$ cat work_7.cif   # mmCIF, N, CA and C atoms; chains and numbers go by the auth columns
data_upload
#
loop_
_atom_site.group_PDB
_atom_site.id
_atom_site.type_symbol
_atom_site.label_atom_id
_atom_site.label_comp_id
_atom_site.label_asym_id
_atom_site.label_seq_id
_atom_site.Cartn_x
_atom_site.Cartn_y
_atom_site.Cartn_z
_atom_site.B_iso_or_equiv
_atom_site.auth_seq_id
_atom_site.auth_asym_id
ATOM 1 N N MET A 1 88.104 118.344 46.937 0.00 1436 A
ATOM 2 C CA MET A 1 87.298 118.520 48.140 0.00 1436 A
ATOM 3 C C MET A 1 87.577 117.369 49.105 0.00 1436 A
ATOM 4 N N GLU A 2 87.835 117.708 50.341 0.00 1437 A
ATOM 5 C CA GLU A 2 88.175 116.719 51.356 0.00 1437 A
ATOM 6 C C GLU A 2 86.909 116.103 51.955 0.00 1437 A
ATOM 7 N N ASN A 3 86.897 114.784 52.068 0.00 1438 A
ATOM 8 C CA ASN A 3 85.776 114.113 52.726 0.00 1438 A
ATOM 9 C C ASN A 3 85.903 114.284 54.217 0.00 1438 A
ATOM 10 N N LYS A 4 84.811 114.573 54.865 0.00 1439 A
ATOM 11 C CA LYS A 4 84.799 114.749 56.305 0.00 1439 A
ATOM 12 C C LYS A 4 84.065 113.574 56.931 0.00 1439 A
ATOM 13 N N GLN A 5 84.557 113.118 58.062 0.00 1440 A
ATOM 14 C CA GLN A 5 83.972 111.976 58.754 0.00 1440 A
ATOM 15 C C GLN A 5 82.932 112.456 59.758 0.00 1440 A
ATOM 16 N N PHE A 6 81.805 111.812 59.767 0.00 1441 A
ATOM 17 C CA PHE A 6 80.741 112.133 60.708 0.00 1441 A
ATOM 18 C C PHE A 6 80.383 110.873 61.476 0.00 1441 A
ATOM 19 N N PHE A 7 79.823 111.042 62.648 0.00 1442 A
ATOM 20 C CA PHE A 7 79.375 109.919 63.461 0.00 1442 A
ATOM 21 C C PHE A 7 77.863 109.987 63.618 0.00 1442 A
ATOM 22 N N TYR A 8 77.227 108.831 63.505 0.00 1443 A
ATOM 23 C CA TYR A 8 75.784 108.721 63.657 0.00 1443 A
ATOM 24 C C TYR A 8 75.477 107.538 64.555 0.00 1443 A
ATOM 25 N N ILE A 9 74.350 107.591 65.231 0.00 1444 A
ATOM 26 C CA ILE A 9 73.943 106.504 66.115 0.00 1444 A
ATOM 27 C C ILE A 9 72.859 105.685 65.436 0.00 1444 A
ATOM 28 N N SER A 10 73.108 104.396 65.331 0.00 1445 A
ATOM 29 C CA SER A 10 72.160 103.472 64.713 0.00 1445 A
ATOM 30 C C SER A 10 71.027 103.173 65.683 0.00 1445 A
ATOM 31 N N GLU A 11 69.835 103.523 65.274 0.00 1446 A
ATOM 32 C CA GLU A 11 68.653 103.285 66.108 0.00 1446 A
ATOM 33 C C GLU A 11 68.448 101.786 66.355 0.00 1446 A
ATOM 34 N N ASP A 12 68.819 100.973 65.393 0.00 1447 A
ATOM 35 C CA ASP A 12 68.640 99.525 65.506 0.00 1447 A
ATOM 36 C C ASP A 12 69.556 98.883 66.538 0.00 1447 A
ATOM 37 N N ARG A 13 70.755 99.414 66.688 0.00 1448 A
ATOM 38 C CA ARG A 13 71.724 98.795 67.604 0.00 1448 A
ATOM 39 C C ARG A 13 71.856 99.488 68.951 0.00 1448 A
ATOM 40 N N CYS A 14 71.410 100.726 69.047 0.00 1449 A
ATOM 41 C CA CYS A 14 71.533 101.487 70.294 0.00 1449 A
ATOM 42 C C CYS A 14 70.614 100.900 71.367 0.00 1449 A
ATOM 43 N N VAL A 15 71.192 100.660 72.548 0.00 1450 A
ATOM 44 C CA VAL A 15 70.406 100.139 73.673 0.00 1450 A
ATOM 45 C C VAL A 15 70.157 101.222 74.725 0.00 1450 A
ATOM 46 N N ALA A 16 70.461 102.469 74.378 0.00 1451 A
ATOM 47 C CA ALA A 16 70.223 103.635 75.240 0.00 1451 A
ATOM 48 C C ALA A 16 70.873 103.503 76.608 0.00 1451 A
ATOM 49 N N CYS A 17 72.117 103.017 76.628 0.00 1452 A
ATOM 50 C CA CYS A 17 72.835 102.871 77.905 0.00 1452 A
ATOM 51 C C CYS A 17 73.332 104.215 78.434 0.00 1452 A
ATOM 52 N N GLY A 18 73.501 105.201 77.537 0.00 1453 A
ATOM 53 C CA GLY A 18 73.920 106.528 77.951 0.00 1453 A
ATOM 54 C C GLY A 18 75.422 106.736 78.006 0.00 1453 A
ATOM 55 N N ARG A 19 76.179 105.695 77.755 0.00 1454 A
ATOM 56 C CA ARG A 19 77.645 105.770 77.854 0.00 1454 A
ATOM 57 C C ARG A 19 78.232 106.820 76.906 0.00 1454 A
ATOM 58 N N CYS A 20 77.775 106.839 75.662 0.00 1455 A
ATOM 59 C CA CYS A 20 78.301 107.804 74.688 0.00 1455 A
ATOM 60 C C CYS A 20 78.015 109.241 75.129 0.00 1455 A
ATOM 61 N N ALA A 21 76.796 109.486 75.571 0.00 1456 A
ATOM 62 C CA ALA A 21 76.407 110.841 75.992 0.00 1456 A
ATOM 63 C C ALA A 21 77.172 111.274 77.235 0.00 1456 A
ATOM 64 N N LEU A 22 77.384 110.365 78.145 0.00 1457 A
ATOM 65 C CA LEU A 22 78.100 110.672 79.388 0.00 1457 A
ATOM 66 C C LEU A 22 79.563 111.020 79.130 0.00 1457 A
ATOM 67 N N LEU A 23 80.189 110.330 78.198 0.00 1458 A
ATOM 68 C CA LEU A 23 81.617 110.496 77.966 0.00 1458 A
ATOM 69 C C LEU A 23 81.971 111.483 76.851 0.00 1458 A
ATOM 70 N N CYS A 24 80.982 111.969 76.130 0.00 1459 A
ATOM 71 C CA CYS A 24 81.243 112.934 75.057 0.00 1459 A
ATOM 72 C C CYS A 24 81.823 114.223 75.643 0.00 1459 A
ATOM 73 N N PRO A 25 83.040 114.616 75.221 0.00 1460 A
ATOM 74 C CA PRO A 25 83.653 115.821 75.793 0.00 1460 A
ATOM 75 C C PRO A 25 82.962 117.118 75.387 0.00 1460 A
ATOM 76 N N GLU A 26 82.154 117.083 74.347 0.00 1461 A
ATOM 77 C CA GLU A 26 81.459 118.288 73.871 0.00 1461 A
ATOM 78 C C GLU A 26 79.975 118.306 74.235 0.00 1461 A
ATOM 79 N N SER A 27 79.503 117.268 74.917 0.00 1462 A
ATOM 80 C CA SER A 27 78.088 117.157 75.305 0.00 1462 A
ATOM 81 C C SER A 27 77.158 117.377 74.110 0.00 1462 A
ATOM 82 N N CYS A 28 77.485 116.719 73.012 0.00 1463 A
ATOM 83 C CA CYS A 28 76.694 116.950 71.796 0.00 1463 A
ATOM 84 C C CYS A 28 75.753 115.794 71.469 0.00 1463 A
ATOM 85 N N ILE A 29 75.602 114.836 72.388 0.00 1464 A
ATOM 86 C CA ILE A 29 74.709 113.718 72.128 0.00 1464 A
ATOM 87 C C ILE A 29 73.420 113.923 72.913 0.00 1464 A
ATOM 88 N N GLU A 30 72.322 114.019 72.171 0.00 1465 A
ATOM 89 C CA GLU A 30 71.017 114.249 72.782 0.00 1465 A
ATOM 90 C C GLU A 30 70.387 112.895 73.104 0.00 1465 A
ATOM 91 N N ILE A 31 70.033 112.737 74.366 0.00 1466 A
ATOM 92 C CA ILE A 31 69.425 111.492 74.823 0.00 1466 A
ATOM 93 C C ILE A 31 67.961 111.486 74.419 0.00 1466 A
ATOM 94 N N GLY A 32 67.546 110.399 73.828 0.00 1467 A
ATOM 95 C CA GLY A 32 66.173 110.257 73.373 0.00 1467 A
ATOM 96 C C GLY A 32 66.033 108.956 72.627 0.00 1467 A
ATOM 97 N N VAL A 33 64.960 108.814 71.946 0.00 1468 A
ATOM 98 C CA VAL A 33 64.756 107.627 71.125 0.00 1468 A
ATOM 99 C C VAL A 33 64.593 108.100 69.692 0.00 1468 A
ATOM 100 N N PRO A 34 65.589 108.000 68.871 0.00 1469 A
ATOM 101 C CA PRO A 34 66.942 107.507 69.155 0.00 1469 A
ATOM 102 C C PRO A 34 67.835 108.614 69.714 0.00 1469 A
ATOM 103 N N TYR A 35 68.988 108.214 70.219 0.00 1470 A
ATOM 104 C CA TYR A 35 70.010 109.192 70.593 0.00 1470 A
ATOM 105 C C TYR A 35 70.460 109.866 69.303 0.00 1470 A
ATOM 106 N N VAL A 36 70.811 111.155 69.389 0.00 1471 A
ATOM 107 C CA VAL A 36 71.202 111.914 68.201 0.00 1471 A
ATOM 108 C C VAL A 36 72.468 112.707 68.500 0.00 1471 A
ATOM 109 N N ILE A 37 73.400 112.680 67.554 0.00 1472 A
ATOM 110 C CA ILE A 37 74.619 113.472 67.677 0.00 1472 A
ATOM 111 C C ILE A 37 74.389 114.793 66.958 0.00 1472 A
ATOM 112 N N ASP A 38 74.551 115.891 67.691 0.00 1473 A
ATOM 113 C CA ASP A 38 74.415 117.218 67.104 0.00 1473 A
ATOM 114 C C ASP A 38 75.675 117.499 66.289 0.00 1473 A
ATOM 115 N N GLN A 39 75.571 117.436 64.976 0.00 1474 A
ATOM 116 C CA GLN A 39 76.730 117.587 64.095 0.00 1474 A
ATOM 117 C C GLN A 39 77.335 118.984 64.160 0.00 1474 A
ATOM 118 N N ASN A 40 76.573 119.970 64.626 0.00 1475 A
ATOM 119 C CA ASN A 40 77.096 121.329 64.757 0.00 1475 A
ATOM 120 C C ASN A 40 78.002 121.490 65.965 0.00 1475 A
ATOM 121 N N LYS A 41 77.840 120.639 66.974 0.00 1476 A
ATOM 122 C CA LYS A 41 78.677 120.691 68.176 0.00 1476 A
ATOM 123 C C LYS A 41 79.807 119.666 68.146 0.00 1476 A
ATOM 124 N N CYS A 42 79.632 118.614 67.371 0.00 1477 A
ATOM 125 C CA CYS A 42 80.578 117.496 67.338 0.00 1477 A
ATOM 126 C C CYS A 42 81.936 117.953 66.798 0.00 1477 A
ATOM 127 N N VAL A 43 83.018 117.545 67.482 0.00 1478 A
ATOM 128 C CA VAL A 43 84.379 117.853 67.028 0.00 1478 A
ATOM 129 C C VAL A 43 85.031 116.622 66.404 0.00 1478 A
ATOM 130 N N PHE A 44 84.250 115.569 66.195 0.00 1479 A
ATOM 131 C CA PHE A 44 84.687 114.356 65.496 0.00 1479 A
ATOM 132 C C PHE A 44 85.871 113.676 66.181 0.00 1479 A
ATOM 133 N N CYS A 45 85.836 113.658 67.522 0.00 1480 A
ATOM 134 C CA CYS A 45 86.936 113.051 68.287 0.00 1480 A
ATOM 135 C C CYS A 45 86.868 111.525 68.297 0.00 1480 A
ATOM 136 N N GLY A 46 85.671 110.959 68.087 0.00 1481 A
ATOM 137 C CA GLY A 46 85.523 109.515 68.054 0.00 1481 A
ATOM 138 C C GLY A 46 85.293 108.861 69.403 0.00 1481 A
ATOM 139 N N THR A 47 85.143 109.651 70.456 0.00 1482 A
ATOM 140 C CA THR A 47 84.915 109.072 71.780 0.00 1482 A
ATOM 141 C C THR A 47 83.670 108.202 71.787 0.00 1482 A
ATOM 142 N N CYS A 48 82.591 108.681 71.223 0.00 1483 A
ATOM 143 C CA CYS A 48 81.340 107.916 71.200 0.00 1483 A
ATOM 144 C C CYS A 48 81.528 106.588 70.457 0.00 1483 A
ATOM 145 N N PHE A 49 82.232 106.650 69.356 0.00 1484 A
ATOM 146 C CA PHE A 49 82.505 105.455 68.549 0.00 1484 A
ATOM 147 C C PHE A 49 83.316 104.437 69.356 0.00 1484 A
ATOM 148 N N ASN A 50 84.302 104.924 70.078 0.00 1485 A
ATOM 149 C CA ASN A 50 85.201 104.044 70.830 0.00 1485 A
ATOM 150 C C ASN A 50 84.585 103.449 72.087 0.00 1485 A
ATOM 151 N N VAL A 51 83.619 104.131 72.703 0.00 1486 A
ATOM 152 C CA VAL A 51 83.062 103.633 73.967 0.00 1486 A
ATOM 153 C C VAL A 51 81.783 102.821 73.795 0.00 1486 A
ATOM 154 N N CYS A 52 81.210 102.824 72.610 0.00 1487 A
ATOM 155 C CA CYS A 52 79.957 102.085 72.407 0.00 1487 A
ATOM 156 C C CYS A 52 80.232 100.590 72.323 0.00 1487 A
ATOM 157 N N HIS A 53 79.735 99.858 73.296 0.00 1488 A
ATOM 158 C CA HIS A 53 79.983 98.413 73.352 0.00 1488 A
ATOM 159 C C HIS A 53 79.024 97.624 72.453 0.00 1488 A
ATOM 160 N N LYS A 54 78.070 98.293 71.842 0.00 1489 A
ATOM 161 C CA LYS A 54 77.124 97.630 70.946 0.00 1489 A
ATOM 162 C C LYS A 54 77.383 97.942 69.477 0.00 1489 A
ATOM 163 N N GLY A 55 78.389 98.761 69.207 0.00 1490 A
ATOM 164 C CA GLY A 55 78.685 99.121 67.825 0.00 1490 A
ATOM 165 C C GLY A 55 77.605 99.972 67.181 0.00 1490 A
ATOM 166 N N ALA A 56 76.891 100.735 68.005 0.00 1491 A
ATOM 167 C CA ALA A 56 75.767 101.521 67.493 0.00 1491 A
ATOM 168 C C ALA A 56 76.205 102.846 66.874 0.00 1491 A
ATOM 169 N N VAL A 57 77.432 103.282 67.149 0.00 1492 A
ATOM 170 C CA VAL A 57 77.914 104.525 66.568 0.00 1492 A
ATOM 171 C C VAL A 57 78.656 104.173 65.279 0.00 1492 A
ATOM 172 N N GLU A 58 78.213 104.789 64.201 0.00 1493 A
ATOM 173 C CA GLU A 58 78.760 104.500 62.892 0.00 1493 A
ATOM 174 C C GLU A 58 79.515 105.696 62.345 0.00 1493 A
ATOM 175 N N LYS A 59 80.604 105.430 61.641 0.00 1494 A
ATOM 176 C CA LYS A 59 81.339 106.473 60.933 0.00 1494 A
ATOM 177 C C LYS A 59 80.821 106.535 59.515 0.00 1494 A
ATOM 178 N N ARG A 60 80.613 107.756 59.039 0.00 1495 A
ATOM 179 C CA ARG A 60 80.206 107.956 57.649 0.00 1495 A
ATOM 180 C C ARG A 60 81.003 109.129 57.101 0.00 1495 A
ATOM 181 N N GLU A 61 81.295 109.067 55.823 0.00 1496 A
ATOM 182 C CA GLU A 61 81.993 110.173 55.180 0.00 1496 A
ATOM 183 C C GLU A 61 81.022 110.977 54.348 0.00 1496 A
ATOM 184 N N ASN A 62 81.273 112.258 54.304 0.00 1497 A
ATOM 185 C CA ASN A 62 80.429 113.148 53.524 0.00 1497 A
ATOM 186 C C ASN A 62 81.294 113.953 52.591 0.00 1497 A
#
$ encode --input "work_7.cif" --output "structure tokens"
Amino acid sequence: MENKQFFYISEDRCVACGRCALLCPESCIEIGVPYVIDQNKCVFCGTCFNVCHKGAVEKREN
């Protein structure tokens, strides 16, 4: 079974700047407290991970 990579937003490190949500090509990041990545819409491109200047987006394997 292949492990799949998922992205999650750390509530502790997120400063709600909106950068990840603005740049997500699939518009799958819901703005709120905390921001949430809709795993059903996410294509795992890593844009959110790469643009977060606070390191709040984490990669996890499932």
$ atom_distance --input "work_7.cif" --atom1 "atom CA of Gly1467 of chain A" --atom2 "atom CA of Phe1441 of chain A"
19.4 Å
$ closest_residue --input "work_7.cif" --among "A:Ile1466, A:Val1478, A:Cys1483, A:Phe1442" --to "Glu1496 of chain A" --atoms "all atoms listed in the file"
A:Phe1442
$ select_by_dssp --input "work_7.cif" --residues "chain A" --states "strand (DSSP E)" --output "number ranges by chain"
A: 1440-1444, 1464-1465, 1471-1472, 1492-1496
$ resolve_selection --input "work_7.cif" --expression "the PyMOL selection byres (((chain A and resi 1486 and name CA) around 12) and name CA)" --output "PyMOL selection string"
chain A and resi 1452-1459+1480-1485+1487-1493
$ atom_distance --input "work_7.cif" --atom1 "atom CA of Val1450 of chain A" --atom2 "atom CA of Asn1497 of chain A"
26.0 Å
$ select_by_dssp --input "work_7.cif" --residues "chain A" --states "helix (DSSP H, G or I)" --output "MDAnalysis selection string"
chainID A and resid 1454:1458 1482:1486
$ atom_distance --input "work_7.cif" --atom1 "atom CA of Tyr1443 of chain A" --atom2 "atom CA of Cys1463 of chain A"
11.6 Å
$ axis_aligned_box --input "work_7.cif" --around "segment 1463-1482 of chain A" --padding-each-side "6 Å" --output "JSON"
{"center_x": 75.8, "center_y": 114.5, "center_z": 69.5, "size_x": 34.3, "size_y": 26.0, "size_z": 22.7}
$ resolve_selection --input "work_7.cif" --expression "the PyMOL selection byres ((chain A and resi 1476) around 8)" --output "PyMOL selection string"
chain A and resi 1461-1464+1472-1475+1477-1479
